[in-house]
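K.L.:
Sharing my_file-v9.txt here; it has compact mmCIF, C-alpha atoms and all ligand atoms.
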```txt
# COMPACT_ATOMS: atom_id res chain seq x y z
CA MET A 997 -15.78 -7.28 -22.75
CA ASN A 998 -12.36 -7.02 -21.14
CA LYS A 999 -11.48 -9.92 -18.83
CA ARG A 1000 -8.75 -10.06 -16.21
CA GLU A 1001 -7.53 -12.63 -13.70
CA LEU A 1002 -6.57 -11.30 -10.26
CA THR A 1003 -5.35 -12.76 -6.97
CA CYS A 1004 -6.96 -11.13 -3.97
CA ILE A 1005 -4.31 -9.85 -1.54
CA VAL A 1006 -6.68 -8.69 1.18
CA CYS A 1007 -6.27 -11.87 3.27
CA PRO A 1008 -4.05 -14.96 3.17
CA ARG A 1009 -6.62 -17.14 1.36
CA GLY A 1010 -5.56 -15.50 -1.89
CA CYS A 1011 -8.75 -16.12 -3.86
CA GLN A 1012 -8.29 -16.31 -7.62
CA MET A 1013 -10.78 -13.91 -9.12
CA THR A 1014 -12.02 -13.21 -12.60
CA VAL A 1015 -12.94 -9.61 -13.34
CA GLU A 1016 -15.03 -8.71 -16.37
CA MET A 1017 -15.10 -5.07 -17.34
CA GLY A 1018 -17.93 -3.82 -19.51
CA ASP A 1019 -20.58 -1.28 -18.63
CA GLU A 1020 -20.22 -2.73 -15.13
CA ILE A 1021 -17.37 -4.50 -13.39
CA THR A 1022 -18.35 -8.03 -12.40
CA VAL A 1023 -16.19 -10.13 -10.10
CA SER A 1024 -16.29 -13.90 -9.55
CA GLY A 1025 -14.14 -16.28 -7.52
CA ASN A 1026 -14.06 -14.08 -4.41
CA LEU A 1027 -15.12 -15.80 -1.18
CA CYS A 1028 -16.17 -12.56 0.51
CA PRO A 1029 -17.24 -9.01 -0.38
CA ARG A 1030 -13.80 -7.58 0.44
CA GLY A 1031 -12.41 -9.35 -2.61
CA LYS A 1032 -14.97 -7.70 -4.86
CA VAL A 1033 -14.10 -4.26 -3.49
CA TYR A 1034 -10.38 -4.97 -3.94
CA ALA A 1035 -10.90 -6.18 -7.52
CA GLN A 1036 -13.02 -3.18 -8.47
CA ASN A 1037 -10.50 -0.75 -6.99
CA GLU A 1038 -7.62 -2.61 -8.62
CA CYS A 1039 -9.23 -2.13 -12.04
CA VAL A 1040 -10.24 1.51 -11.57
CA ASN A 1041 -7.67 3.03 -9.19
CA PRO A 1042 -5.12 0.51 -7.91
CA GLN A 1043 -3.75 1.39 -4.48
CA ARG A 1044 -0.72 0.14 -2.57
CA THR A 1045 0.79 0.35 0.89
CA VAL A 1046 4.49 1.23 0.65
CA THR A 1047 6.95 -0.30 3.13
CA SER A 1048 10.58 0.76 3.15
CA THR A 1049 13.30 2.26 5.32
CA VAL A 1050 14.45 5.83 5.88
CA ARG A 1051 17.87 7.04 6.95
CA THR A 1052 18.49 8.01 10.57
CA SER A 1053 20.86 10.56 12.06
CA ASP A 1054 23.28 7.82 13.23
CA GLY A 1055 23.88 6.73 9.64
CA GLY A 1056 21.59 3.72 9.90
CA VAL A 1057 18.04 3.15 8.80
CA VAL A 1058 14.64 2.57 10.38
CA ALA A 1059 11.57 0.83 8.95
CA VAL A 1060 8.62 2.90 7.75
CA LYS A 1061 5.36 2.40 5.89
CA THR A 1062 2.56 4.47 4.52
CA GLU A 1063 -0.23 4.63 7.07
CA GLY A 1064 -2.86 4.17 4.39
CA THR A 1065 -2.61 3.35 0.72
CA ILE A 1066 -1.46 5.54 -2.15
CA PRO A 1067 -2.20 5.27 -5.87
CA LYS A 1068 0.00 2.57 -7.41
CA ALA A 1069 1.07 5.08 -10.07
CA LYS A 1070 2.61 7.27 -7.33
CA MET A 1071 4.86 4.59 -5.81
CA MET A 1072 8.07 5.86 -7.43
CA GLU A 1073 7.39 9.44 -6.30
CA CYS A 1074 6.63 8.12 -2.81
CA MET A 1075 9.99 6.30 -2.79
CA GLU A 1076 11.69 9.58 -3.76
CA ILE A 1077 10.10 11.21 -0.71
CA ILE A 1078 11.14 8.29 1.51
CA ASN A 1079 14.70 8.44 0.19
CA SER A 1080 14.91 12.16 1.02
CA ILE A 1081 13.99 11.70 4.71
CA VAL A 1082 16.57 11.62 7.52
CA LEU A 1083 15.08 11.12 11.02
CA ASP A 1084 16.67 12.29 14.25
CA LEU A 1085 16.92 9.55 16.88
CA PRO A 1086 15.29 8.30 19.01
CA VAL A 1087 12.19 7.22 17.08
CA LYS A 1088 9.37 4.93 18.09
CA VAL A 1089 6.60 3.00 16.37
CA GLY A 1090 3.95 5.39 15.10
CA ASP A 1091 6.16 8.48 14.84
CA VAL A 1092 5.33 10.47 11.72
CA ALA A 1093 8.24 10.56 9.28
CA TYR A 1094 6.34 12.53 6.64
CA GLU A 1095 2.99 14.26 6.97
CA ASP A 1096 1.32 14.03 3.56
CA ALA A 1097 2.48 11.60 0.91
CA PHE A 1098 -0.37 11.48 -1.59
CA GLY A 1099 -2.99 11.76 1.13
CA THR A 1100 -1.46 9.58 3.81
CA ARG A 1101 1.30 9.82 6.39
CA ILE A 1102 4.55 7.87 6.37
CA VAL A 1103 5.03 6.38 9.84
CA VAL A 1104 7.87 4.62 11.64
CA THR A 1105 7.29 0.90 12.28
CA GLN A 1106 10.14 0.13 14.68
CA ASN A 1107 11.73 1.59 17.79
CA LYS A 1108 15.29 2.82 17.60
CA GLU A 1109 17.39 4.61 20.23
S1 LIG A 1201 -11.96 -12.58 -1.43
FE1 LIG A 1201 -12.17 -12.48 0.78
S2 LIG A 1201 -11.60 -14.55 1.47
FE2 LIG A 1201 -10.81 -14.33 -0.63
S3 LIG A 1201 -8.69 -13.60 -0.38
FE3 LIG A 1201 -10.02 -11.80 -0.64
S4 LIG A 1201 -10.48 -11.13 1.43
FE4 LIG A 1201 -9.74 -13.25 1.56
```
Represent the structure from my file as structure tokens, please.
Ligand code: SF4

P.N.:
Amino acid sequence: MNKRELTCIVCPRGCQMTVEMGDEITVSGNLCPRGKVYAQNECVNPQRTVTSTVRTSDGGVVAVKTEGTIPKAKMMECMEIINSIVLDLPVKVGDVAYEDAFGTRIVVTQNKE
């Protein structure tokens, strides 16, 4: 049986979990069910939210993030998309910077005139 130690990142408590992978995935050390779901996903299909900045038409940058999560294995490709974006100003929180990055949108997370 394959065993792995994981820190839950779903909430600030940061439970230390042990995941055992055999015919089933068993999780211990989690204080709530969300930790178990996180651990199972992390072992089967790890996902990440990407936060970064994109260039703006004034030569500066503005903060963005993926609205949902993307597969961890796609993070570099997602950064290539983010690095290719130049937004016209003004922008506001929630504006869509990119419509479909691996199944989620990339949205602006700050206002800029
Ligand atoms: S298992 Fe639950 S309580 Fe523990 S860090 Fe994860 S979300 Fe928080």

K.L.:
Neighbourhood query: residues within 12 Å of (3.2, 9.2, 12.6), file coordinates, counting all atoms listed in the file; return as a list in words.

P.N.:
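Taken together, the residues in range are Val1060, Lys1061, Thr1062, Glu1063, Gly1064, Val1087, Lys1088, Val1089, Gly1090, Asp1091, Val1092, Ala1093, Tyr1094, Glu1095, Asp1096, Ala1097, Thr1100, Arg1101, Ile1102, Val1103, Val1104, Thr1105 and Gln1106 of chain A.
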
K.L.:
May I ask you to write as number ranges by chain all residues lying at most 10 Å from ligand LIG 1201 (chain A), with only C-alpha atoms and all ligand atoms counted?

P.N.:
A: 1003-1013, 1023-1035

K.L.:
Which of these, A:Gln1043, A:Gly1055, A:Val1050, A:Asp1084, has the shortest distance to Pro1067 of chain A once you count only C-alpha atoms?

P.N.:
A:Gln1043

K.L.:
Please list as a list in words every residue within 10 Å of Glu1073 of chain A, counting all atoms listed in the file and excluding residues in the same chain fewer than 5 positions away.

P.N.:
Ile1078, Asn1079, Ala1097 and Phe1098 of chain A

K.L.:
Save the residues we just selected, C-alpha atoms, as a compact mmCIF listing (two decimals), in the frame of the given file?

P.N.:
```txt
# COMPACT_ATOMS: atom_id res chain seq x y z
CA ILE A 1078 11.14 8.29 1.51
CA ASN A 1079 14.70 8.44 0.19
CA ALA A 1097 2.48 11.60 0.91
CA PHE A 1098 -0.37 11.48 -1.59
```

K.L.:
One number please: atom CA of Arg1051 of chain A to atom CA of Met1071 of chain A, in Å, one decimal.

P.N.:
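Atom CA of Met1071 of chain A lies at a distance of 18.4 Å from atom CA of Arg1051 of chain A.
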
K.L.:
May I have the residues within 12 Å of Ala1069 of chain A as number ranges by chain, using all atoms listed in the file and disregarding those fewer than 6 positions away in the same chain?

P.N.:
A: 1038, 1040-1046, 1075, 1098

K.L.:
From the list A:Thr1014, A:Ser1048, A:Ser1053, A:Ser1080, which residue is nearest Arg1000 of chain A when using only C-alpha atoms?

P.N.:
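Nearest to Arg1000 of chain A: A:Thr1014.
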
K.L.:
I'd like the neighbourhood of Asn998 of chain A as an mmCIF file with C-alpha atoms, in the frame of the given file, where a residue qualifies if any of its atoms comes within 7 Å (using all atoms listed in the file), though same-chain residues fewer than 6 positions away should be ignored.

P.N.:
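For reference, part02.cif as written:
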```
data_model
loop_
_atom_site.group_PDB
_atom_site.id
_atom_site.type_symbol
_atom_site.label_atom_id
_atom_site.label_comp_id
_atom_site.auth_asym_id
_atom_site.auth_seq_id
_atom_site.Cartn_x
_atom_site.Cartn_y
_atom_site.Cartn_z
ATOM 1 C CA GLU A 1016 -15.030 -8.710 -16.370
ATOM 2 C CA MET A 1017 -15.100 -5.070 -17.340
ATOM 3 C CA GLY A 1018 -17.930 -3.820 -19.510
#
```

K.L.:
Kindly indicate which residue among A:Leu1002, A:Ile1021, A:Val1015, A:Val1082 lies nearest to Gly1056 of chain A, using all atoms listed in the file for the distances.

P.N.:
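With all atoms listed in the file as the atom set, the closest residue is A:Val1082.
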
K.L.:
Do you have the atom CA of Lys1068 of chain A-atom CA of Thr1049 of chain A distance handy?

P.N.:
18.4 Å

K.L.:
Rounded to one decimal place, report the atom CA of Val1058 of chain A-atom CA of Pro1086 of chain A distance in Å.

P.N.:
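The value is 10.4 Å.
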